[in-house]
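What follows is a short report on a single structure.
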Amino acid sequence: MRFAVVQFPGSNDDRDMAFALKSVLGVDAELVWHRDPELPPTTRAVLLPGGFSYGDYLRCGAMARFSPIMAAVRRFADAGGLVLGTCNGFQVLCEAGLLPGVLRRNRGLHFVCETSCLRVDNAETSFTSRARAGQVLRIPIKHGEGAYYATAHEIETLEANDQVVLRYCEPDGSVTDAANPNGSLGNIAGIVNAAGNVFGLMPHPEHAVEAAIGGTDGALLLGSLIDAVESGERTLA
């Protein structure tokens with residue numbers, strides 16, 4: 001069983017993600033270069049990390065979507081494989097059409113770097129099974145273009161199908177504009193696709209897996225992914 005962590009030019013959380021998976025959570029994680037045409041044959045999950053792929057030229061993720069590895073990631077996702085994109089990885093998934101919507105410049109055009117409170121709105125996904133609905137997680141964010149935007153129809157569909165997984169919130173779980181760090185519509189911090197096997201979120205769970213450096217709430221999300229893979233919940237077609 002292998003977890004593939006994709007490296008793009010400009011990725012800067014790739015090794016952090018691999019460390020969290022391998023050294024903290026105990027699964028095999030391999031860094032995969034963006035020019036590789038295929039994923040490793042034993043890949044059971046794919047992770048697109050944070051950073052600034054291709055220097056964020058044009059738009060965040062707009063160039064990374066054309067990397068050769070992304071064709072393999074799409075085939076993997078289309079076959080039912082589990083794919084997780086964090087921060088820049090979320091942006092890449094949206095640009096590639098694997099998730100609806102887009103990530104735009106933050107409200108006020110300010111870069112934000114802080115620990116955010118996130119309410120789990122759907123605990124029935126392959127990425128949130130270790131959490132409970134309504135639970136508030138504390139996970140770091142660090143981005144300049146994290147304001148989630150989609151058409152009114154797309155937002156309506158996401159809400160109706162329980163595809164909104166995480167929302168920015170107050171410590172008590174209430175969703176307020178003050179708790180929204182970037183201007184995301186509906187305080188949306190993370191969503192899944194309609195099939196439930198592709199998850200994108202702006203927060204960085206890989207930076208919240210050790211109590212000594214800020215908390216372990218991120219391990220609930222990464223651990224849920226590991227559980228889904230180990231249980232065979234997602235079998236590739």
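Note on naming: chains are A, B, ... as they come in the structure tokens, residues start from 1 per chain, ligands start from 1 in the order shown.
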
Output as CSV one row per residue of region 147-222 of chain A within 10 Å of region 20-36 of chain A: the closest atom pair and its distance in Å to one decimal place, counting only C-alpha atoms, sorted by chain and residue number ascending.
residue,atom,partner,partner_atom,distance
A:Pro205,CA,A:Ala20,CA,8.9
A:Glu206,CA,A:Ala20,CA,5.6
A:His207,CA,A:Ala20,CA,7.9
A:Ala208,CA,A:Ala20,CA,8.8
A:Val209,CA,A:Ala20,CA,6.7
A:Glu210,CA,A:Val24,CA,7.8
A:Gly218,CA,A:Ala20,CA,9.5
A:Ala219,CA,A:Leu25,CA,7.7
A:Leu222,CA,A:Leu21,CA,7.6

Handout entry: All strand (DSSP E) positions in region 56-215 of chain A, as a PyMOL selection string
Key = chain A and resi 82-86+102-104+112-120+136-143+147-149+164-168+188-192+198-201

Problem - Long-range neighbours of Ala96 (chain A) as a list of chain:residue names, 9 Å cut-off, only C-alpha atoms, 3 positions minimum in chain - result: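 Surrounding residues, per the criterion: A:Gly61, A:Ala62, A:Ala64, A:Arg65, A:Phe66, A:Met70, A:Arg74, A:Gln91, A:Val92, A:Leu93, A:Leu99.
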
May I have the selected residues written with C-alpha atoms, as a PDB file, in the first residue's frame?
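Once everything was written out, this is result-v1.pdb:
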ATOM      1  CA  GLY A  61      -3.105  25.694 -10.102  1.00  0.00           C
ATOM      2  CA  ALA A  62      -3.781  26.808 -13.675  1.00  0.00           C
ATOM      3  CA  ALA A  64      -0.158  22.487 -12.713  1.00  0.00           C
ATOM      4  CA  ARG A  65      -3.348  21.034 -14.175  1.00  0.00           C
ATOM      5  CA  PHE A  66      -1.386  20.403 -17.401  1.00  0.00           C
ATOM      6  CA  MET A  70      -2.422  15.024 -13.647  1.00  0.00           C
ATOM      7  CA  ARG A  74      -7.618  11.953 -13.257  1.00  0.00           C
ATOM      8  CA  GLN A  91      -6.670  24.913  -6.271  1.00  0.00           C
ATOM      9  CA  VAL A  92      -5.194  22.383  -8.722  1.00  0.00           C
ATOM     10  CA  LEU A  93      -8.178  20.036  -8.316  1.00  0.00           C
ATOM     11  CA  LEU A  99     -13.864  19.608  -8.086  1.00  0.00           C
TER      12      LEU A  99
END

Handout entry: Nearest residue to Ala147 (chain A) from the set A:Leu58, A:Leu118, A:Cys169, A:Met202 (distances using only C-alpha atoms)
Key = A:Met202

Contact table region 64-105 of chain A vs region 125-128 of chain A, cut-off 12 Å, shortest pair per residue, only C-alpha atoms, as CSV:
residue,atom,partner,partner_atom,distance
A:Gly80,CA,A:Ser126,CA,11.7
A:Gly81,CA,A:Ser126,CA,10.9
A:Leu82,CA,A:Ser126,CA,8.1
A:Val83,CA,A:Phe127,CA,9.7
A:Leu84,CA,A:Phe127,CA,8.4
A:Gly85,CA,A:Phe127,CA,11.3

Practice task
Could you please write out, as number ranges by chain, every residue of region 2-237 of chain A that DSSP assigns to helix (DSSP H, G or I)?
Solution key: A: 14-24, 53-56, 64-66, 68-78, 88-95, 107-109, 152-160, 177-179, 185-187, 205-207, 211-213, 217-230

Handout entry: Nearest candidate to Ala4 (chain A) (options A:Cys113, A:Leu39, A:Ala72, A:Ala228; using only C-alpha atoms)
Key =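 Residue with the minimum atom-to-atom distance to Ala4 (chain A): A:Leu39.
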